[in-house]
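Asker: Once you've had a glance at the structure underneath, I'll fire off some questions.
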Amino acid sequence: MSSVKKIIYAIACFCIAPVALFSQEKTDGLPISLEVVTGKVYTDGAVRLQGTTTSLDKDPGQVAIEIKKPDGNSDKLFVRADKSDGDFFVKYTPKAVGRYIATAFSPDKLKTATAEFEVEANWGSPEVIESAGKEVEATMAAIESATEQLIAEKLMRPDKEPALKEKVKRAKDRLKEYRTALNDLKEGLDNAHKIILKFPGFGPYTKMPEKAGAVDSYLQEQNQEVKGIRENLGSAKLKGEDVCGRLHALSEGCALFSSLMNIKSKKIAAIIKNIAIDKAWPEFYKREVASQNQRGDAENFLAVQAGKAMASAEGKLSNLASFDYGAGVIGDLTQFISDQVRKELCGEYSGELEGEYALEFKNNGKRYLYYKYKYAGKISLMARKEKMQQEGANFSGYLEGNINDVEFDDNIWAVEDKSKWDEEYYKRLKMVVVPINLNKNDPGFGAIVRQGMPGAFYFPLKGKIVKGRMIIELLPPMMELSATNANRTAIIVSDPNNAFARRGVLFTYPVTTARFIITRSMRMDDKNPKTELSIKNEAEGNRIEGNFMRTETPADTKVDFKLKFIMKQE
C-alpha cells in the first residue's frame, strides 16, 4: 500500500474507530514534534499549535493534524512545514469546554506527535478590560506623536497643519467613548457575576461564563494586535531619510488601527447584545428563586443595572463599528496623511496585479485533492518626486491583495476502496472569499477595507534603482493568510458490518501562506526574497512590468503559479 493510500486508510479508520491510528503500525519515518504554545485556552479563543518535521523531496512537507474534541468528534487541519527549517504552526479555535487531544502526522505519515490542552470557560478579568483601554490610548498617543514629528520636520505645508491637528483631536475624542464603553462593560459583567455567585444556576441558564469568556478572549487578542501596531509606529520605519516610506508606514499604521477597532468592537458588541441579563433574570427568578421561597431583592436591582450597563456598552461599541463612525475613527486622519501629505512629496510606480495558485495531488493517476486560488491586488513603490529617476534611488511600497475566486475538489475514494464503507454524507465547503478586487480604486488606505477580510494579505516592499533596473525586495507580511482561510470537507461514514460504528470528521485544507505563493511565483530566494525588473521608458511615462509563470511537479503533485502586473509612473 502506498504512503498516500495509508493516509486515506488512516482517515477512514479514524472515522470508524478512533483508536486504530496508523501511527501504531510503524516506528520508522520522518521525525515530528508538536506542542501547545498558548497558555490558558478559553472557548472562542485561538490556541496555537506548533512543531517541527522534515520535508520530503526538498519540498515543504504537508502535516496533517487531527484534533479530537471533548464530544468524541474530530477536526482535521493541514499545514505545510517551512522547507528551510521544517517548522510549522496552526491556530485552532475551540468552541466547547473540555480536554482536546491534537495529533500531528509526519509528511510520510509514519510518525506522530501528540499534545493536549484543556479549554476553560473564562469569566473575564477586570485587568483585561482595563488593559484594553490603556493599549488603545497608548497607540493613539503614538499616532499623535508621529503627526507632531511631521510638523516639526516641516514635511507638510504650514497652512495644512491646523487641519491635521483637528483630525488628531477628533480621533482622540472618539476613542474616549470607547473607554466609557469598556467601563460600562466592566460594570455589567461585575453585576452579573455577583448574581451568579449567589445563584450559581443563573450561569448555565444564561451561558454567561462562556459569553464573558468570549469577550475576554477578543479583548486579549485586540490588546496584542494593538500593541503590535504601536510598536511598529515607534520603530525605525518612522525615522530617517525615507520620507515616503515613513509617511506610508504612518498611514498604514493608522489604517490598521482603525480597522482593528472596527472589527473587534463589532464582535464584542454582538456578544453583549445576546447577553440580556435583565431579560433573563425575571424568568430565572420565578423558576429557581421564588419557587424555592428564596429572596433576591438585591439581585433584582443588580440585574436591572447590569442590563442598563450592557445596553450602554453595546450602543457605544456599535457606533464605533459603524461605517460613518468606525471607518472614521482615524480613517479621515489616514486619508489626510495619504492624500494631503504623501502625494505632494512622493512619486509612485503603481498598478494592479493578478495571479493564480493551483495545487493537485494524485494517486496512481487519480486525483484526490485539487484547489485553485485566484487573487487580485495592487503593487506600489514610492520615492521623493525629485529622485524617481536617479541611479541608486531608494523606494518604499507595498504589495497587497485578496483571494477572490476558489476552485476546490477532493475525493478520498480515489485512494481507498469505497466498498468497505457506507458513505452517508460528503459535503465540500469552499473557502469563503470576497469575489472582487478590493484594491481597485483604492483611496489610499485600503487596509481599512481589507483587514479582517477572508483571503487578504499585505507585504511591505523595498525598491532600488540599480543600472536602470528596479530591484524589489519582499519584506515580512503585515497581513497574511491564516488557518481560517481554508477549504473544508465534512464526511460521515459507517461500517456496513457494524450498525453502531458511525463517525463524522471535518477535513480542513488551509491555503498555504501568501509569502510562499508570491516568492515561488516570482522565483525569489526564500532567505533573500528579491527580484529584478527592467524599467521601460515610454512616451506616456515609465513602467515596470512583471509576468511570471511556473509549474512544479514533485511526486504525485502538480503546483502551478501565475502572477502578472504593470506598474506605471504617476
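Ligands are numbered from 1 in the order shown, residues from 1 within each chain, and chains are lettered A, B, ... in the order they appear in the C-alpha cells.
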Just the residues within 10 Å of Thr38 of chain A, please, counting only C-alpha atoms, with nothing from its chain fewer than 3 positions along; format it as a list in words.

Answerer: Glu35, Val41, Gly45, Ala46, Val47, Arg48, Leu49, Gln50, Lys91 and Phe117 of chain A

Asker: Write a file of the just-selected residues containing N, CA and C atoms, as a compact mmCIF listing (two decimals), in the first residue's frame.

Answerer:
```
# COMPACT_ATOMS: atom_id res chain seq x y z
N GLU A 35 3.67 20.91 19.96
CA GLU A 35 3.48 21.48 21.28
C GLU A 35 2.39 22.55 21.23
N VAL A 41 -6.33 28.39 27.63
CA VAL A 41 -7.15 28.37 26.43
C VAL A 41 -8.61 28.48 26.83
N GLY A 45 -11.40 31.34 21.90
CA GLY A 45 -10.08 31.94 21.85
C GLY A 45 -9.15 31.03 21.05
N ALA A 46 -8.19 31.60 20.35
CA ALA A 46 -7.32 30.81 19.49
C ALA A 46 -6.23 30.12 20.30
N VAL A 47 -5.97 28.85 19.96
CA VAL A 47 -4.85 28.13 20.54
C VAL A 47 -3.84 27.89 19.42
N ARG A 48 -2.57 28.14 19.69
CA ARG A 48 -1.52 27.97 18.68
C ARG A 48 -0.81 26.64 18.92
N LEU A 49 -0.77 25.82 17.88
CA LEU A 49 -0.04 24.56 17.90
C LEU A 49 1.14 24.70 16.95
N GLN A 50 2.32 24.29 17.38
CA GLN A 50 3.48 24.41 16.51
C GLN A 50 4.39 23.20 16.70
N LYS A 91 -3.38 27.76 13.94
CA LYS A 91 -4.23 28.27 15.00
C LYS A 91 -5.57 27.56 14.94
N PHE A 117 -4.53 19.90 25.37
CA PHE A 117 -4.81 21.18 26.02
C PHE A 117 -6.23 21.17 26.57
```

Asker: What is the atom CA of Lys372 of chain A-atom CA of Glu407 of chain A distance in Å, reported with one decimal?

Answerer: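 Interatomic distance here is 5.0 Å.
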
Asker: Show me a table, sorted first by chain and then by increasing residue number, of the residues of segment 91-181 of chain A having an atom at most 12 Å from segment 267-277 of chain A, each with its shortest atom pair and the distance in Å to one decimal, counting only C-alpha atoms and written as a tab-separated table.

Answerer:
```
residue	atom	partner	partner_atom	distance
A:Ile129	CA	A:Ile268	CA	11.8
A:Tyr178	CA	A:Ala269	CA	11.6
A:Ala181	CA	A:Ala269	CA	10.0
```

Asker: Give me, as JSON, numbers by chain, all polymer residues having an atom no more than 10 Å from segment 454-457 of chain A, counting only C-alpha atoms and skipping those fewer than 2 positions away in the same chain.

Answerer: {"A": [373, 375, 376, 377, 399, 400, 401, 402, 403, 404, 405, 431, 432, 433, 434, 438, 447, 449, 450, 451, 452, 459, 477, 478, 479, 480, 481, 482, 484, 485, 486, 511, 513, 514, 515]}

Asker: Assign secondary structure with DSSP using the backbone only, and return the residues of segment 179-419 of chain A in strand (DSSP E or B) as a ChimeraX atom specification.

Answerer: /A:346-363,366-384,394-410

Asker: For N, CA and C atoms, I'd like the residues from the last selection saved as a compact mmCIF listing (two decimals), in the first residue's frame.

Answerer:
```txt
# COMPACT_ATOMS: atom_id res chain seq x y z
N CYS A 346 5.71 62.75 -2.80
CA CYS A 346 6.22 61.50 -3.34
C CYS A 346 5.63 61.14 -4.71
N GLY A 347 6.49 60.60 -5.57
CA GLY A 347 6.04 59.98 -6.81
C GLY A 347 5.83 58.50 -6.58
N GLU A 348 5.22 57.83 -7.55
CA GLU A 348 4.84 56.44 -7.32
C GLU A 348 4.82 55.65 -8.62
N TYR A 349 5.32 54.42 -8.57
CA TYR A 349 5.04 53.40 -9.56
C TYR A 349 3.94 52.53 -8.97
N SER A 350 2.82 52.37 -9.65
CA SER A 350 1.75 51.54 -9.09
C SER A 350 0.92 50.90 -10.19
N GLY A 351 0.26 49.85 -9.85
CA GLY A 351 -0.61 49.17 -10.80
C GLY A 351 -1.29 47.97 -10.17
N GLU A 352 -2.27 47.44 -10.86
CA GLU A 352 -3.00 46.26 -10.39
C GLU A 352 -2.19 45.00 -10.69
N LEU A 353 -2.42 43.98 -9.87
CA LEU A 353 -1.80 42.68 -10.11
C LEU A 353 -2.88 41.60 -10.05
N GLU A 354 -2.61 40.49 -10.69
CA GLU A 354 -3.49 39.33 -10.60
C GLU A 354 -2.67 38.07 -10.72
N GLY A 355 -3.15 37.01 -10.08
CA GLY A 355 -2.39 35.78 -10.08
C GLY A 355 -3.24 34.57 -9.77
N GLU A 356 -2.62 33.39 -9.93
CA GLU A 356 -3.28 32.11 -9.63
C GLU A 356 -2.29 31.20 -8.93
N TYR A 357 -2.85 30.35 -8.06
CA TYR A 357 -2.05 29.31 -7.42
C TYR A 357 -2.91 28.05 -7.39
N ALA A 358 -2.41 26.97 -8.01
CA ALA A 358 -3.18 25.73 -8.08
C ALA A 358 -2.33 24.57 -7.57
N LEU A 359 -2.98 23.69 -6.84
CA LEU A 359 -2.29 22.53 -6.25
C LEU A 359 -3.12 21.28 -6.52
N GLU A 360 -2.45 20.22 -7.00
CA GLU A 360 -3.15 18.97 -7.30
C GLU A 360 -2.35 17.78 -6.78
N PHE A 361 -3.02 16.90 -6.03
CA PHE A 361 -2.43 15.66 -5.56
C PHE A 361 -3.12 14.49 -6.28
N LYS A 362 -2.31 13.50 -6.69
CA LYS A 362 -2.86 12.31 -7.36
C LYS A 362 -2.29 11.05 -6.72
N ASN A 363 -3.01 9.94 -6.97
CA ASN A 363 -2.52 8.63 -6.56
C ASN A 363 -2.83 7.67 -7.70
N LYS A 366 -5.06 9.10 -10.31
CA LYS A 366 -6.38 9.57 -9.89
C LYS A 366 -6.24 10.76 -8.95
N ARG A 367 -6.96 11.80 -9.24
CA ARG A 367 -6.90 13.00 -8.39
C ARG A 367 -7.67 12.75 -7.09
N TYR A 368 -7.02 13.10 -5.97
CA TYR A 368 -7.76 13.04 -4.71
C TYR A 368 -7.83 14.39 -4.00
N LEU A 369 -7.06 15.39 -4.45
CA LEU A 369 -7.20 16.73 -3.89
C LEU A 369 -6.77 17.76 -4.93
N TYR A 370 -7.59 18.80 -5.09
CA TYR A 370 -7.26 19.87 -6.03
C TYR A 370 -7.87 21.16 -5.53
N TYR A 371 -7.10 22.23 -5.57
CA TYR A 371 -7.68 23.55 -5.37
C TYR A 371 -6.90 24.59 -6.17
N LYS A 372 -7.63 25.62 -6.58
CA LYS A 372 -7.03 26.74 -7.30
C LYS A 372 -7.54 28.03 -6.67
N TYR A 373 -6.61 28.93 -6.38
CA TYR A 373 -6.96 30.24 -5.84
C TYR A 373 -6.58 31.31 -6.86
N LYS A 374 -7.52 32.17 -7.18
CA LYS A 374 -7.23 33.34 -7.99
C LYS A 374 -7.22 34.55 -7.06
N TYR A 375 -6.28 35.44 -7.26
CA TYR A 375 -6.18 36.60 -6.40
C TYR A 375 -5.90 37.85 -7.23
N ALA A 376 -6.23 38.98 -6.67
CA ALA A 376 -6.02 40.26 -7.35
C ALA A 376 -5.61 41.28 -6.30
N GLY A 377 -4.93 42.33 -6.75
CA GLY A 377 -4.48 43.31 -5.77
C GLY A 377 -3.78 44.48 -6.42
N LYS A 378 -2.85 45.04 -5.70
CA LYS A 378 -2.14 46.24 -6.13
C LYS A 378 -0.70 46.16 -5.67
N ILE A 379 0.20 46.73 -6.48
CA ILE A 379 1.61 46.82 -6.11
C ILE A 379 2.06 48.26 -6.32
N SER A 380 2.87 48.76 -5.39
CA SER A 380 3.26 50.17 -5.42
C SER A 380 4.67 50.35 -4.87
N LEU A 381 5.41 51.27 -5.48
CA LEU A 381 6.72 51.69 -4.99
C LEU A 381 6.77 53.22 -5.03
N MET A 382 7.23 53.85 -3.94
CA MET A 382 7.21 55.30 -3.82
C MET A 382 8.59 55.85 -3.48
N ALA A 383 8.86 57.06 -3.97
CA ALA A 383 10.10 57.78 -3.65
C ALA A 383 9.83 59.27 -3.80
N ARG A 384 10.72 60.10 -3.25
CA ARG A 384 10.60 61.55 -3.44
C ARG A 384 10.54 61.85 -4.94
N ASN A 394 16.19 55.02 -3.57
CA ASN A 394 15.52 54.03 -2.73
C ASN A 394 14.01 54.26 -2.75
N PHE A 395 13.26 53.17 -2.82
CA PHE A 395 11.80 53.21 -2.87
C PHE A 395 11.22 52.41 -1.70
N SER A 396 10.04 52.80 -1.27
CA SER A 396 9.27 52.03 -0.29
C SER A 396 7.88 51.80 -0.88
N GLY A 397 7.27 50.70 -0.52
CA GLY A 397 5.95 50.45 -1.07
C GLY A 397 5.28 49.24 -0.46
N TYR A 398 4.42 48.63 -1.23
CA TYR A 398 3.65 47.50 -0.70
C TYR A 398 3.10 46.66 -1.84
N LEU A 399 2.80 45.43 -1.52
CA LEU A 399 2.08 44.51 -2.39
C LEU A 399 0.94 43.96 -1.55
N GLU A 400 -0.28 44.19 -2.00
CA GLU A 400 -1.41 43.68 -1.22
C GLU A 400 -2.46 43.12 -2.16
N GLY A 401 -3.28 42.22 -1.63
CA GLY A 401 -4.30 41.62 -2.47
C GLY A 401 -5.25 40.77 -1.66
N ASN A 402 -6.14 40.10 -2.37
CA ASN A 402 -7.09 39.20 -1.73
C ASN A 402 -7.47 38.10 -2.70
N ILE A 403 -7.70 36.91 -2.16
CA ILE A 403 -8.21 35.80 -2.97
C ILE A 403 -9.66 36.12 -3.30
N ASN A 404 -10.00 36.06 -4.60
CA ASN A 404 -11.36 36.42 -5.00
C ASN A 404 -12.11 35.31 -5.72
N ASP A 405 -11.46 34.16 -5.91
CA ASP A 405 -12.16 33.03 -6.53
C ASP A 405 -11.46 31.74 -6.12
N VAL A 406 -12.25 30.70 -5.88
CA VAL A 406 -11.71 29.43 -5.39
C VAL A 406 -12.35 28.28 -6.16
N GLU A 407 -11.52 27.33 -6.61
CA GLU A 407 -11.98 26.04 -7.10
C GLU A 407 -11.47 24.98 -6.13
N PHE A 408 -12.32 24.02 -5.80
CA PHE A 408 -11.93 23.03 -4.78
C PHE A 408 -12.60 21.69 -5.07
N ASP A 409 -11.80 20.62 -5.00
CA ASP A 409 -12.34 19.27 -5.18
C ASP A 409 -11.46 18.30 -4.40
N ASP A 410 -12.07 17.36 -3.72
CA ASP A 410 -11.31 16.28 -3.10
C ASP A 410 -12.12 15.00 -3.19
```

Asker: Quick one: residues within 8 Å of Ala102 of chain A, only C-alpha atoms, excluding same-chain residues fewer than 2 positions away - as a PyMOL selection string?

Answerer: chain A and resi 65-68+100+104+114-116

Asker: Can you pull out the residues contacting segment 137-145 of chain A? Cut-off 8 Å, using only C-alpha atoms, and skip same-chain residues under 4 positions away; I want them as a PDB file with N, CA, C and O atoms, in the first residue's frame.

Answerer:
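New file around_14.pdb:
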```pdb
ATOM      1  N   GLY A 133      -8.318  49.406  27.416  1.00  0.00           N
ATOM      2  CA  GLY A 133      -8.415  50.861  27.359  1.00  0.00           C
ATOM      3  C   GLY A 133      -7.055  51.520  27.290  1.00  0.00           C
ATOM      4  O   GLY A 133      -6.834  52.458  26.503  1.00  0.00           O
ATOM      5  N   GLN A 149       5.711  64.952  14.749  1.00  0.00           N
ATOM      6  CA  GLN A 149       7.027  64.872  14.136  1.00  0.00           C
ATOM      7  C   GLN A 149       6.984  65.369  12.689  1.00  0.00           C
ATOM      8  O   GLN A 149       7.927  66.004  12.202  1.00  0.00           O
ATOM      9  N   VAL A 168      -6.548  64.846  14.498  1.00  0.00           N
ATOM     10  CA  VAL A 168      -5.994  64.100  15.633  1.00  0.00           C
ATOM     11  C   VAL A 168      -6.894  64.276  16.858  1.00  0.00           C
ATOM     12  O   VAL A 168      -7.215  63.308  17.553  1.00  0.00           O
ATOM     13  N   LYS A 172      -9.055  61.378  18.991  1.00  0.00           N
ATOM     14  CA  LYS A 172      -8.914  61.181  20.439  1.00  0.00           C
ATOM     15  C   LYS A 172     -10.263  61.272  21.142  1.00  0.00           C
ATOM     16  O   LYS A 172     -10.557  60.483  22.050  1.00  0.00           O
ATOM     17  N   LEU A 175     -12.233  58.070  20.623  1.00  0.00           N
ATOM     18  CA  LEU A 175     -11.741  56.934  21.385  1.00  0.00           C
ATOM     19  C   LEU A 175     -12.041  57.058  22.878  1.00  0.00           C
ATOM     20  O   LEU A 175     -11.990  56.067  23.603  1.00  0.00           O
ATOM     21  N   VAL A 226      -3.104  45.545  18.914  1.00  0.00           N
ATOM     22  CA  VAL A 226      -2.912  46.988  19.063  1.00  0.00           C
ATOM     23  C   VAL A 226      -1.486  47.284  19.522  1.00  0.00           C
ATOM     24  O   VAL A 226      -0.850  48.235  19.043  1.00  0.00           O
ATOM     25  N   LYS A 227      -0.976  46.460  20.418  1.00  0.00           N
ATOM     26  CA  LYS A 227       0.401  46.635  20.881  1.00  0.00           C
ATOM     27  C   LYS A 227       1.379  46.501  19.718  1.00  0.00           C
ATOM     28  O   LYS A 227       2.349  47.261  19.607  1.00  0.00           O
ATOM     29  N   ILE A 229       0.793  47.155  16.549  1.00  0.00           N
ATOM     30  CA  ILE A 229       0.688  48.357  15.720  1.00  0.00           C
ATOM     31  C   ILE A 229       1.475  49.496  16.357  1.00  0.00           C
ATOM     32  O   ILE A 229       2.202  50.227  15.681  1.00  0.00           O
ATOM     33  N   ARG A 230       1.327  49.658  17.677  1.00  0.00           N
ATOM     34  CA  ARG A 230       2.030  50.737  18.374  1.00  0.00           C
ATOM     35  C   ARG A 230       3.546  50.552  18.278  1.00  0.00           C
ATOM     36  O   ARG A 230       4.282  51.523  18.048  1.00  0.00           O
ATOM     37  N   LEU A 233       4.672  51.584  14.923  1.00  0.00           N
ATOM     38  CA  LEU A 233       4.676  53.036  14.781  1.00  0.00           C
ATOM     39  C   LEU A 233       5.895  53.661  15.455  1.00  0.00           C
ATOM     40  O   LEU A 233       6.364  54.717  15.044  1.00  0.00           O
ATOM     41  N   GLY A 234       6.398  53.016  16.485  1.00  0.00           N
ATOM     42  CA  GLY A 234       7.546  53.544  17.202  1.00  0.00           C
ATOM     43  C   GLY A 234       8.880  53.036  16.683  1.00  0.00           C
ATOM     44  O   GLY A 234       9.924  53.370  17.221  1.00  0.00           O
ATOM     45  N   LEU A 250       3.092  55.389   8.442  1.00  0.00           N
ATOM     46  CA  LEU A 250       2.173  56.063   9.355  1.00  0.00           C
ATOM     47  C   LEU A 250       0.738  55.924   8.874  1.00  0.00           C
ATOM     48  O   LEU A 250      -0.181  55.631   9.655  1.00  0.00           O
ATOM     49  N   CYS A 254      -2.162  53.866  10.920  1.00  0.00           N
ATOM     50  CA  CYS A 254      -3.459  54.452  11.273  1.00  0.00           C
ATOM     51  C   CYS A 254      -4.605  53.604  10.724  1.00  0.00           C
ATOM     52  O   CYS A 254      -5.612  53.366  11.394  1.00  0.00           O
TER      53      CYS A 254
END
```

Asker: As an MDAnalysis selection string, please: the residues near segment 81-83 of chain A (cut-off 12 Å, only C-alpha atoms, same-chain neighbours under 2 positions excluded).

Answerer: chainID A and resid 32:33 50:64 78:79 85:90 104:107 512:513 515:516 525:527

Asker: So which bits of segment 312-490 of chain A end up helix (DSSP H, G or I) when you DSSP the backbone, as a ChimeraX atom specification?

Answerer: /A:312-321,323-327,331-345,385-387,412-414,418-420,447-450

Asker: Looking at A:Gln292, A:Gln569, A:Ser131, A:Ser259, which one is nearest to Ile544 of chain A, with distances taken over only C-alpha atoms?

Answerer: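 The answer is A:Gln569, which sits nearest to Ile544 of chain A.
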
Asker: Atom CA of Gln305 of chain A and atom CA of Glu187 of chain A, how far apart in Å?

Answerer: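 Atom CA of Gln305 of chain A lies at a distance of 8.4 Å from atom CA of Glu187 of chain A.
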
Asker: Need the shell around Glu118 of chain A: protein/DNA/RNA residues with any atom at most 10 Å away, counting only C-alpha atoms. Skip same-chain ones fewer than 4 positions apart. Format as a PDB file with all heavy atoms, in the first residue's frame?

Answerer:
```
ATOM      1  N   GLY A  39      -0.939  29.617  26.517  1.00  0.00           N
ATOM      2  CA  GLY A  39      -1.029  29.259  27.936  1.00  0.00           C
ATOM      3  C   GLY A  39      -2.414  28.747  28.267  1.00  0.00           C
ATOM      4  O   GLY A  39      -2.770  27.604  27.998  1.00  0.00           O
ATOM      5  N   LYS A  40      -3.242  29.609  28.840  1.00  0.00           N
ATOM      6  CA  LYS A  40      -4.625  29.241  29.119  1.00  0.00           C
ATOM      7  C   LYS A  40      -5.449  29.367  27.846  1.00  0.00           C
ATOM      8  O   LYS A  40      -5.288  30.305  27.078  1.00  0.00           O
ATOM      9  CB  LYS A  40      -5.215  30.126  30.218  1.00  0.00           C
ATOM     10  CG  LYS A  40      -4.631  29.853  31.601  1.00  0.00           C
ATOM     11  CD  LYS A  40      -5.399  30.594  32.672  1.00  0.00           C
ATOM     12  CE  LYS A  40      -4.883  30.241  34.065  1.00  0.00           C
ATOM     13  NZ  LYS A  40      -5.637  30.939  35.119  1.00  0.00           N
ATOM     14  N   VAL A  41      -6.327  28.390  27.631  1.00  0.00           N
ATOM     15  CA  VAL A  41      -7.148  28.372  26.429  1.00  0.00           C
ATOM     16  C   VAL A  41      -8.612  28.485  26.834  1.00  0.00           C
ATOM     17  O   VAL A  41      -9.089  27.737  27.695  1.00  0.00           O
ATOM     18  CB  VAL A  41      -6.937  27.068  25.625  1.00  0.00           C
ATOM     19  CG1 VAL A  41      -7.739  27.121  24.332  1.00  0.00           C
ATOM     20  CG2 VAL A  41      -5.463  26.862  25.331  1.00  0.00           C
ATOM     21  N   TYR A  42      -9.310  29.410  26.199  1.00  0.00           N
ATOM     22  CA  TYR A  42     -10.717  29.637  26.509  1.00  0.00           C
ATOM     23  C   TYR A  42     -11.570  29.404  25.269  1.00  0.00           C
ATOM     24  O   TYR A  42     -11.077  29.467  24.135  1.00  0.00           O
ATOM     25  CB  TYR A  42     -10.937  31.067  27.013  1.00  0.00           C
ATOM     26  CG  TYR A  42     -10.069  31.436  28.191  1.00  0.00           C
ATOM     27  CD1 TYR A  42      -9.030  32.350  28.062  1.00  0.00           C
ATOM     28  CD2 TYR A  42     -10.280  30.847  29.427  1.00  0.00           C
ATOM     29  CE1 TYR A  42      -8.224  32.682  29.141  1.00  0.00           C
ATOM     30  CE2 TYR A  42      -9.484  31.165  30.516  1.00  0.00           C
ATOM     31  CZ  TYR A  42      -8.452  32.087  30.369  1.00  0.00           C
ATOM     32  OH  TYR A  42      -7.665  32.395  31.440  1.00  0.00           O
ATOM     33  N   PRO A  70     -13.873  17.173  22.941  1.00  0.00           N
ATOM     34  CA  PRO A  70     -14.446  16.525  24.119  1.00  0.00           C
ATOM     35  C   PRO A  70     -15.649  15.625  23.814  1.00  0.00           C
ATOM     36  O   PRO A  70     -15.897  14.657  24.532  1.00  0.00           O
ATOM     37  CB  PRO A  70     -14.862  17.717  25.004  1.00  0.00           C
ATOM     38  CG  PRO A  70     -13.952  18.811  24.602  1.00  0.00           C
ATOM     39  CD  PRO A  70     -13.732  18.639  23.131  1.00  0.00           C
ATOM     40  N   PRO A  94     -11.244  26.493  19.623  1.00  0.00           N
ATOM     41  CA  PRO A  94     -12.182  25.547  20.236  1.00  0.00           C
ATOM     42  C   PRO A  94     -13.504  26.222  20.580  1.00  0.00           C
ATOM     43  O   PRO A  94     -13.528  27.394  20.936  1.00  0.00           O
ATOM     44  CB  PRO A  94     -11.445  25.094  21.505  1.00  0.00           C
ATOM     45  CG  PRO A  94     -10.551  26.247  21.843  1.00  0.00           C
ATOM     46  CD  PRO A  94     -10.148  26.861  20.535  1.00  0.00           C
ATOM     47  N   VAL A  97     -15.968  23.638  26.141  1.00  0.00           N
ATOM     48  CA  VAL A  97     -15.112  23.409  27.299  1.00  0.00           C
ATOM     49  C   VAL A  97     -14.727  21.933  27.355  1.00  0.00           C
ATOM     50  O   VAL A  97     -15.515  21.053  27.007  1.00  0.00           O
ATOM     51  CB  VAL A  97     -15.848  23.823  28.586  1.00  0.00           C
ATOM     52  CG1 VAL A  97     -15.058  23.414  29.820  1.00  0.00           C
ATOM     53  CG2 VAL A  97     -16.107  25.322  28.583  1.00  0.00           C
ATOM     54  N   GLY A  98     -13.492  21.638  27.792  1.00  0.00           N
ATOM     55  CA  GLY A  98     -13.075  20.258  27.962  1.00  0.00           C
ATOM     56  C   GLY A  98     -11.668  20.012  27.452  1.00  0.00           C
ATOM     57  O   GLY A  98     -10.944  20.933  27.090  1.00  0.00           O
ATOM     58  N   ARG A  99     -11.285  18.713  27.429  1.00  0.00           N
ATOM     59  CA  ARG A  99      -9.932  18.332  27.028  1.00  0.00           C
ATOM     60  C   ARG A  99      -9.897  18.009  25.532  1.00  0.00           C
ATOM     61  O   ARG A  99     -10.744  17.286  25.013  1.00  0.00           O
ATOM     62  CB  ARG A  99      -9.451  17.121  27.833  1.00  0.00           C
ATOM     63  CG  ARG A  99      -8.035  16.654  27.460  1.00  0.00           C
ATOM     64  CD  ARG A  99      -7.485  15.705  28.493  1.00  0.00           C
ATOM     65  NE  ARG A  99      -7.248  16.400  29.760  1.00  0.00           N
ATOM     66  CZ  ARG A  99      -6.182  17.137  30.039  1.00  0.00           C
ATOM     67  NH1 ARG A  99      -5.228  17.274  29.144  1.00  0.00           N
ATOM     68  NH2 ARG A  99      -6.049  17.715  31.198  1.00  0.00           N
ATOM     69  N   TYR A 100      -8.868  18.535  24.865  1.00  0.00           N
ATOM     70  CA  TYR A 100      -8.652  18.298  23.442  1.00  0.00           C
ATOM     71  C   TYR A 100      -7.320  17.578  23.265  1.00  0.00           C
ATOM     72  O   TYR A 100      -6.348  17.864  23.972  1.00  0.00           O
ATOM     73  CB  TYR A 100      -8.604  19.619  22.669  1.00  0.00           C
ATOM     74  CG  TYR A 100      -9.926  20.343  22.567  1.00  0.00           C
ATOM     75  CD1 TYR A 100     -10.520  20.918  23.690  1.00  0.00           C
ATOM     76  CD2 TYR A 100     -10.583  20.457  21.348  1.00  0.00           C
ATOM     77  CE1 TYR A 100     -11.731  21.586  23.601  1.00  0.00           C
ATOM     78  CE2 TYR A 100     -11.790  21.130  21.240  1.00  0.00           C
ATOM     79  CZ  TYR A 100     -12.358  21.697  22.369  1.00  0.00           C
ATOM     80  OH  TYR A 100     -13.554  22.357  22.279  1.00  0.00           O
ATOM     81  N   ILE A 101      -7.264  16.644  22.312  1.00  0.00           N
ATOM     82  CA  ILE A 101      -6.038  15.913  22.013  1.00  0.00           C
ATOM     83  C   ILE A 101      -5.686  16.166  20.553  1.00  0.00           C
ATOM     84  O   ILE A 101      -6.462  15.846  19.647  1.00  0.00           O
ATOM     85  CB  ILE A 101      -6.200  14.400  22.258  1.00  0.00           C
ATOM     86  CG1 ILE A 101      -6.613  14.135  23.713  1.00  0.00           C
ATOM     87  CG2 ILE A 101      -4.906  13.668  21.930  1.00  0.00           C
ATOM     88  CD1 ILE A 101      -6.921  12.679  23.999  1.00  0.00           C
TER      89      ILE A 101
END
```
